[in-house]
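One file, target.tsv, carrying TSV, C-alpha atoms:
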chain	number	residue	atom	x	y	z
A	1	MET	CA	-64.24	-149.92	83.11
A	2	THR	CA	-67.43	-151.92	83.46
A	3	THR	CA	-68.61	-152.11	87.07
A	4	SER	CA	-69.77	-155.25	88.83
A	5	SER	CA	-73.32	-153.90	89.04
A	6	GLU	CA	-73.44	-153.73	85.23
A	7	ARG	CA	-72.59	-157.40	84.78
A	8	ALA	CA	-74.39	-159.05	87.65
A	9	GLY	CA	-76.65	-161.44	85.75
A	10	VAL	CA	-74.87	-164.60	86.86
A	11	ALA	CA	-74.43	-163.39	90.43
A	12	ARG	CA	-78.12	-162.47	90.62
A	13	ALA	CA	-79.13	-165.91	89.41
A	14	PHE	CA	-77.04	-167.61	92.10
A	15	ALA	CA	-78.33	-165.19	94.75
A	16	ALA	CA	-81.93	-165.91	93.74
A	17	ALA	CA	-81.34	-169.66	93.96
A	18	ARG	CA	-79.74	-169.27	97.39
A	19	ALA	CA	-82.65	-167.11	98.58
A	20	SER	CA	-84.97	-169.93	97.51
A	21	GLY	CA	-82.96	-172.39	99.62
A	22	ARG	CA	-81.52	-174.40	96.75
A	23	ALA	CA	-78.50	-174.75	94.52
A	24	ALA	CA	-78.43	-173.18	91.08
A	25	PHE	CA	-78.88	-175.47	88.09
A	26	VAL	CA	-76.32	-174.85	85.32
A	27	PRO	CA	-76.77	-177.05	82.22
A	28	TYR	CA	-74.16	-177.10	79.46
A	29	VAL	CA	-74.92	-177.55	75.75
A	30	THR	CA	-72.78	-177.21	72.64
A	31	ALA	CA	-73.93	-174.51	70.21
A	32	GLY	CA	-75.18	-176.10	67.01
A	33	HIS	CA	-75.77	-179.56	68.49
A	34	PRO	CA	-77.66	-181.69	67.59
A	35	SER	CA	-78.31	-179.24	64.73
A	36	PRO	CA	-77.94	-175.49	64.20
A	37	ALA	CA	-81.57	-175.29	63.10
A	38	GLY	CA	-82.77	-176.70	66.40
A	39	MET	CA	-80.46	-174.79	68.74
A	40	LEU	CA	-82.87	-172.04	69.67
A	41	GLU	CA	-85.40	-174.68	70.70
A	42	VAL	CA	-82.78	-176.28	72.95
A	43	LEU	CA	-82.07	-173.00	74.73
A	44	ARG	CA	-85.77	-172.27	75.08
A	45	MET	CA	-86.29	-175.69	76.63
A	46	LEU	CA	-83.51	-175.13	79.18
A	47	ALA	CA	-84.98	-171.78	80.19
A	48	GLU	CA	-88.50	-173.23	80.41
A	49	GLU	CA	-87.33	-176.13	82.57
A	50	GLY	CA	-85.63	-173.97	85.16
A	51	ALA	CA	-82.01	-173.48	84.18
A	52	ASP	CA	-80.65	-170.72	86.40
A	53	VAL	CA	-77.61	-170.18	84.17
A	54	ILE	CA	-76.87	-171.77	80.78
A	55	GLU	CA	-73.34	-172.73	79.72
A	56	LEU	CA	-73.13	-172.49	75.94
A	57	GLY	CA	-70.12	-174.16	74.38
A	58	ILE	CA	-68.64	-172.58	71.28
A	59	PRO	CA	-67.71	-175.38	68.82
A	60	PHE	CA	-63.96	-175.81	68.51
A	61	SER	CA	-61.89	-178.28	66.51
A	62	ASP	CA	-59.43	-179.13	69.31
A	63	PRO	CA	-61.37	-179.22	72.62
A	64	LEU	CA	-58.68	-180.91	74.71
A	65	ALA	CA	-60.39	-180.40	78.09
A	66	ASP	CA	-63.54	-182.12	76.92
A	67	GLY	CA	-64.32	-185.81	76.90
A	68	PRO	CA	-65.57	-187.88	73.94
A	69	THR	CA	-69.23	-186.83	74.23
A	70	VAL	CA	-68.64	-183.08	74.12
A	71	GLN	CA	-65.87	-183.45	71.55
A	72	LYS	CA	-68.21	-185.39	69.28
A	73	SER	CA	-70.92	-182.75	69.67
A	74	SER	CA	-68.45	-179.98	68.84
A	75	PHE	CA	-67.22	-181.76	65.71
A	76	ALA	CA	-70.80	-182.43	64.57
A	77	ALA	CA	-71.74	-178.77	65.08
A	78	ILE	CA	-68.71	-177.57	63.10
A	79	GLU	CA	-69.55	-179.94	60.24
A	80	GLN	CA	-72.99	-178.32	60.09
A	81	GLY	CA	-71.57	-174.81	59.92
A	82	ALA	CA	-71.68	-173.70	63.55
A	83	ASP	CA	-68.82	-171.48	64.68
A	84	LEU	CA	-68.21	-168.51	66.97
A	85	PRO	CA	-69.98	-165.84	64.86
A	86	TRP	CA	-72.94	-168.17	64.30
A	87	THR	CA	-73.11	-168.89	68.06
A	88	LEU	CA	-73.25	-165.20	68.90
A	89	SER	CA	-75.95	-164.60	66.29
A	90	MET	CA	-78.05	-167.43	67.69
A	91	LEU	CA	-77.49	-166.18	71.25
A	92	ALA	CA	-78.73	-162.73	70.26
A	93	GLU	CA	-81.90	-164.31	68.92
A	94	PHE	CA	-82.40	-166.22	72.17
A	95	ARG	CA	-81.74	-163.09	74.21
A	96	ARG	CA	-84.64	-161.31	72.55
A	97	GLU	CA	-87.01	-163.66	74.35
A	98	SER	CA	-85.20	-164.76	77.52
A	99	ASP	CA	-83.15	-163.18	80.29
A	100	THR	CA	-81.65	-166.46	81.54
A	101	PRO	CA	-77.93	-165.72	82.05
A	102	VAL	CA	-75.58	-167.34	79.54
A	103	VAL	CA	-71.91	-168.22	80.04
A	104	LEU	CA	-69.91	-168.76	76.85
A	105	PHE	CA	-67.66	-171.80	77.30
A	106	THR	CA	-64.72	-171.65	74.94
A	107	TYR	CA	-61.01	-171.97	74.31
A	108	LEU	CA	-58.61	-169.13	73.57
A	109	ASN	CA	-57.95	-170.11	69.95
A	110	PRO	CA	-61.35	-169.10	68.49
A	111	VAL	CA	-61.39	-165.96	70.65
A	112	ILE	CA	-57.98	-164.81	69.46
A	113	HIS	CA	-58.90	-165.69	65.87
A	114	HIS	CA	-62.03	-163.54	66.19
A	115	GLY	CA	-60.04	-160.77	67.89
A	116	LEU	CA	-60.09	-160.50	71.69
A	117	ARG	CA	-61.67	-157.08	72.09
A	118	ARG	CA	-63.99	-157.69	69.17
A	119	PHE	CA	-65.06	-160.95	70.80
A	120	LEU	CA	-65.72	-159.28	74.15
A	121	SER	CA	-67.76	-156.56	72.50
A	122	ASP	CA	-69.66	-158.92	70.20
A	123	ALA	CA	-70.36	-161.42	72.99
A	124	ALA	CA	-71.72	-158.74	75.31
A	125	GLY	CA	-73.74	-157.28	72.47
A	126	ALA	CA	-75.26	-160.68	71.75
A	127	GLY	CA	-76.35	-160.98	75.37
A	128	ALA	CA	-73.69	-163.13	77.00
A	129	ASP	CA	-73.19	-162.53	80.71
A	130	ALA	CA	-69.86	-164.27	81.22
A	131	VAL	CA	-67.14	-166.27	79.54
A	132	LEU	CA	-65.22	-169.34	80.68
A	133	LEU	CA	-61.87	-169.59	78.88
A	134	VAL	CA	-60.87	-173.17	79.54
A	135	ASP	CA	-57.19	-172.74	78.74
A	136	LEU	CA	-56.58	-169.41	80.50
A	137	PRO	CA	-55.34	-170.09	84.05
A	138	VAL	CA	-55.13	-167.19	86.48
A	139	GLY	CA	-51.95	-165.23	85.81
A	140	ALA	CA	-51.25	-166.85	82.44
A	141	ASP	CA	-51.87	-163.69	80.42
A	142	ALA	CA	-52.43	-160.47	82.34
A	143	GLY	CA	-53.41	-158.59	79.18
A	144	ILE	CA	-56.24	-160.95	78.30
A	145	GLU	CA	-57.44	-161.10	81.89
A	146	ARG	CA	-57.43	-157.31	82.16
A	147	ALA	CA	-59.35	-156.96	78.89
A	148	VAL	CA	-62.08	-159.32	80.09
A	149	ASP	CA	-62.21	-157.63	83.49
A	150	GLU	CA	-62.74	-154.28	81.78
A	151	SER	CA	-65.48	-155.71	79.57
A	152	ALA	CA	-69.14	-156.36	80.31
A	153	LEU	CA	-68.46	-160.08	80.87
A	154	ASP	CA	-67.60	-161.97	84.04
A	155	LEU	CA	-64.59	-164.27	83.69
A	156	ILE	CA	-65.53	-167.61	85.24
A	157	ARG	CA	-62.59	-169.39	86.89
A	158	LEU	CA	-61.83	-173.10	87.23
A	159	ILE	CA	-60.48	-174.85	90.32
A	160	ALA	CA	-59.45	-178.51	90.24
A	161	PRO	CA	-58.90	-181.09	93.03
A	162	THR	CA	-55.16	-180.78	92.37
A	163	THR	CA	-55.11	-176.99	92.90
A	164	THR	CA	-52.95	-176.02	95.89
A	165	PRO	CA	-54.49	-174.04	98.78
A	166	ALA	CA	-52.38	-170.97	97.93
A	167	ARG	CA	-53.47	-171.17	94.31
A	168	VAL	CA	-57.12	-171.58	95.35
A	169	LYS	CA	-56.89	-168.25	97.17
A	170	ASP	CA	-55.37	-166.56	94.11
A	171	ILE	CA	-58.13	-167.91	91.87
A	172	ALA	CA	-60.84	-167.01	94.38
A	173	ARG	CA	-59.62	-163.41	94.51
A	174	ALA	CA	-59.88	-163.14	90.73
A	175	ALA	CA	-63.25	-164.90	90.44
A	176	ARG	CA	-66.43	-163.22	89.23
A	177	GLY	CA	-69.92	-164.67	88.80
A	178	PHE	CA	-69.14	-168.12	90.16
A	179	ILE	CA	-66.23	-170.50	90.57
A	180	TYR	CA	-66.41	-173.71	88.56
A	181	TYR	CA	-65.05	-176.50	90.75
A	182	VAL	CA	-63.95	-179.51	88.71
A	183	SER	CA	-65.11	-182.60	90.58
A	184	ARG	CA	-62.25	-184.76	89.32
A	185	ALA	CA	-59.00	-184.58	87.40
A	186	GLY	CA	-59.17	-185.25	83.67
A	187	VAL	CA	-61.63	-184.30	80.94
A	188	THR	CA	-65.39	-183.85	80.98
A	189	GLY	CA	-67.66	-186.88	80.88
A	190	ALA	CA	-70.21	-188.79	82.92
A	191	GLN	CA	-68.95	-190.89	85.80
A	192	ALA	CA	-70.50	-193.56	88.01
A	193	ASP	CA	-69.52	-192.07	91.36
A	194	LEU	CA	-68.60	-188.72	92.82
A	195	SER	CA	-65.30	-188.22	94.61
A	196	ALA	CA	-65.41	-189.30	98.24
A	197	GLY	CA	-63.65	-186.09	99.24
A	198	LEU	CA	-65.83	-183.73	97.21
A	199	ALA	CA	-67.74	-182.25	100.16
A	200	ARG	CA	-64.51	-181.41	101.98
A	201	GLU	CA	-62.91	-179.97	98.85
A	202	VAL	CA	-65.89	-177.71	98.11
A	203	ALA	CA	-66.03	-176.58	101.74
A	204	GLU	CA	-62.36	-175.60	101.58
A	205	VAL	CA	-62.99	-173.42	98.53
A	206	ARG	CA	-66.10	-171.83	100.02
A	207	ALA	CA	-64.14	-171.01	103.16
A	208	VAL	CA	-61.92	-168.54	101.27
A	209	THR	CA	-64.47	-166.77	99.06
A	210	ASP	CA	-67.96	-165.31	98.97
A	211	VAL	CA	-68.22	-166.08	95.25
A	212	PRO	CA	-70.62	-169.00	94.63
A	213	VAL	CA	-69.02	-172.38	93.95
A	214	ALA	CA	-70.60	-174.64	91.32
A	215	VAL	CA	-69.46	-178.22	90.78
A	216	GLY	CA	-69.23	-179.88	87.38
A	217	PHE	CA	-67.43	-182.62	85.38
A	218	GLY	CA	-69.03	-186.04	85.57
A	219	ILE	CA	-72.41	-185.30	87.14
A	220	SER	CA	-74.91	-187.39	85.24
A	221	THR	CA	-77.73	-188.73	87.44
A	222	PRO	CA	-80.41	-186.99	89.50
A	223	GLU	CA	-78.93	-188.65	92.58
A	224	GLN	CA	-75.51	-187.15	91.86
A	225	ALA	CA	-77.08	-183.76	91.17
A	226	ALA	CA	-78.87	-183.89	94.52
A	227	ALA	CA	-75.68	-184.87	96.33
A	228	VAL	CA	-73.82	-181.93	94.82
A	229	ALA	CA	-76.73	-179.58	95.54
A	230	ARG	CA	-76.36	-180.33	99.25
A	231	ILE	CA	-72.72	-179.20	99.35
A	232	ALA	CA	-72.31	-176.55	96.63
A	233	ASP	CA	-73.98	-173.38	95.37
A	234	GLY	CA	-74.49	-174.75	91.88
A	235	VAL	CA	-74.68	-177.98	89.88
A	236	VAL	CA	-73.24	-178.11	86.36
A	237	VAL	CA	-74.34	-180.93	84.05
A	238	GLY	CA	-72.87	-181.21	80.58
A	239	SER	CA	-71.88	-184.48	78.92
A	240	ALA	CA	-74.93	-186.43	80.01
A	241	LEU	CA	-77.23	-183.68	78.72
A	242	VAL	CA	-75.32	-183.48	75.44
A	243	ASP	CA	-75.68	-187.25	75.15
A	244	ALA	CA	-79.44	-187.06	75.81
A	245	LEU	CA	-79.80	-184.42	73.09
A	246	GLY	CA	-77.81	-186.52	70.65
A	247	ARG	CA	-79.80	-189.68	71.32
A	248	GLY	CA	-83.33	-188.35	71.65
A	249	GLY	CA	-83.43	-184.68	70.74
A	250	VAL	CA	-85.17	-181.96	72.70
A	251	ASP	CA	-87.93	-184.21	74.06
A	252	ALA	CA	-85.48	-186.65	75.65
A	253	ALA	CA	-83.36	-183.80	76.94
A	254	ARG	CA	-86.40	-182.10	78.47
A	255	THR	CA	-87.31	-185.22	80.42
A	256	TYR	CA	-83.74	-185.53	81.66
A	257	VAL	CA	-83.47	-181.85	82.59
A	258	ARG	CA	-86.73	-182.06	84.55
A	259	SER	CA	-85.37	-184.98	86.54
A	260	LEU	CA	-82.23	-183.04	87.40
A	261	ARG	CA	-84.07	-179.89	88.42
A	262	ALA	CA	-86.50	-181.87	90.56
A	263	ALA	CA	-83.61	-183.61	92.32
A	264	ILE	CA	-81.81	-180.33	92.96
A	265	ASP	CA	-84.97	-178.73	94.34
A	266	ALA	CA	-85.75	-181.73	96.56
A	267	ALA	CA	-82.21	-181.75	97.97
A	268	ALA	CA	-82.78	-178.29	99.39
A	269	ARG	CA	-85.85	-179.24	101.40
A	270	PRO	CA	-85.39	-179.91	105.14
A	271	GLY	CA	-85.12	-183.64	105.73
A	272	ALA	CA	-84.77	-184.44	102.01
In structure tokens, what does this structure look like?
Amino acid sequence: MTTSSERAGVARAFAAARASGRAAFVPYVTAGHPSPAGMLEVLRMLAEEGADVIELGIPFSDPLADGPTVQKSSFAAIEQGADLPWTLSMLAEFRRESDTPVVLFTYLNPVIHHGLRRFLSDAAGAGADAVLLVDLPVGADAGIERAVDESALDLIRLIAPTTTPARVKDIARAARGFIYYVSRAGVTGAQADLSAGLAREVAEVRAVTDVPVAVGFGISTPEQAAAVARIADGVVVGSALVDALGRGGVDAARTYVRSLRAAIDAAARPGA
């Protein structure tokens, strides 16, 4: 069995951010979007601009948990030939020049199609640090969960606002790397306002675990990123970044990412 010390890339990134007095910045991008040819440049940009952990979405034809922006990016990537094997190949190329931790964001279907144990081995070999299986709740399939736990990858867990306190404890006990707290019910996508109860909800999760808690779903502005940075261990931004890449390419995305990282850093300063 792989020990926790052998797969501590994500945990180390969160610990380093905490030691610096700030929340970790976790941007999400879809592999192969806006184009497969430009994907390595996108990952390089994220690393250069201070991403603590990168969430890399594997294109999938039926991404039910994702909103229109991420769905569109996934479909566009698939049309251009991006798939799971291509994503792992591109990740391996990125890993040769960067040690920024990468979480593979995916659904079970492409993993099972690839072969579970083959996927776990290939993903770790390509340099992935963790995997987030969107449609694998805690306890849904003990065999799959055990296989991931025995692999070199952390299995990132999701908690939603509708999760019961007892269930939160179950998920927290199984969590590795970080817990992804969904800021609202529904699918991914930018939103105008954060939930009024978000601070309380995050505090309740943090009270039952030492695993870092990152908040995502709907965070789109530097102001929202700063607000989340004050209450959580990490800030996940996806749809708005995917949209920036689609509209203006790497240059537009770089400007946007810089604004987010600056807001997260400023939120950690006393009196900010």
(request) Determine, counting all atoms listed in the file, which protein, DNA and RNA residues have an atom within 9 Å of an atom of Phe94 (chain A); residues of the same chain fewer than 3 positions away are not included. Present the result as a PyMOL selection string. (result) chain A and resi 40+43-44+89-91+97-99+127
(request) Could you jot down the CA of Val205 (chain A) to CA of Ile159 (chain A) separation for me, Å, one decimal place? (result)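 Computing the Euclidean distance for CA of Val205 (chain A) and CA of Ile159 (chain A) yields 8.7 Å.
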Do a neighbour search on Phe25 (chain A) at 6 Å with all atoms listed in the file, toss out local chain neighbours closer than 3 positions, and write the hits as an mmCIF file with C-alpha atoms, in the frame of the given file.
data_model
loop_
_atom_site.group_PDB
_atom_site.id
_atom_site.type_symbol
_atom_site.label_atom_id
_atom_site.label_comp_id
_atom_site.auth_asym_id
_atom_site.auth_seq_id
_atom_site.Cartn_x
_atom_site.Cartn_y
_atom_site.Cartn_z
ATOM 1 C CA ALA A 51 -82.010 -173.480 84.180
ATOM 2 C CA ASP A 52 -80.650 -170.720 86.400
ATOM 3 C CA GLY A 234 -74.490 -174.750 91.880
ATOM 4 C CA VAL A 235 -74.680 -177.980 89.880
#
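Nearest to Pro68 (chain A) of all the residues A:Gly238, A:Pro36, A:Gly197, A:Gly115 is A:Gly238, counting only C-alpha atoms.
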Counting all atoms listed in the file, what is within 8 Å of region 70-86 of chain A, bar same-chain residues fewer than 6 positions away, as a compact mmCIF listing (two decimals) with C-alpha atoms, in the coordinates of the input?
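Result saved to selection.txt:
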# COMPACT_ATOMS: atom_id res chain seq x y z
CA THR A 30 -72.78 -177.21 72.64
CA ALA A 31 -73.93 -174.51 70.21
CA GLY A 32 -75.18 -176.10 67.01
CA HIS A 33 -75.77 -179.56 68.49
CA PRO A 34 -77.66 -181.69 67.59
CA SER A 35 -78.31 -179.24 64.73
CA PRO A 36 -77.94 -175.49 64.20
CA ILE A 58 -68.64 -172.58 71.28
CA PRO A 59 -67.71 -175.38 68.82
CA PHE A 60 -63.96 -175.81 68.51
CA SER A 61 -61.89 -178.28 66.51
CA PRO A 63 -61.37 -179.22 72.62
CA PRO A 110 -61.35 -169.10 68.49
CA HIS A 114 -62.03 -163.54 66.19
CA THR A 188 -65.39 -183.85 80.98
CA GLY A 189 -67.66 -186.88 80.88
CA GLY A 238 -72.87 -181.21 80.58
CA SER A 239 -71.88 -184.48 78.92
CA VAL A 242 -75.32 -183.48 75.44
CA GLY A 246 -77.81 -186.52 70.65
(message) as a VMD selection string, please: the residues near Ile156 (chain A) (cut-off 10 Å, only C-alpha atoms, same-chain neighbours under 5 positions excluded).
(response) chain A and resid 10 103 to 105 130 to 134 171 174 to 180
(message) So, with all atoms listed in the file as the atoms that count, which of A:Val29, A:Ala147, A:Ala226, A:Ala252 lies closest to Leu56 (chain A)?
(response)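 For Leu56 (chain A), the nearest of the candidates is A:Val29.
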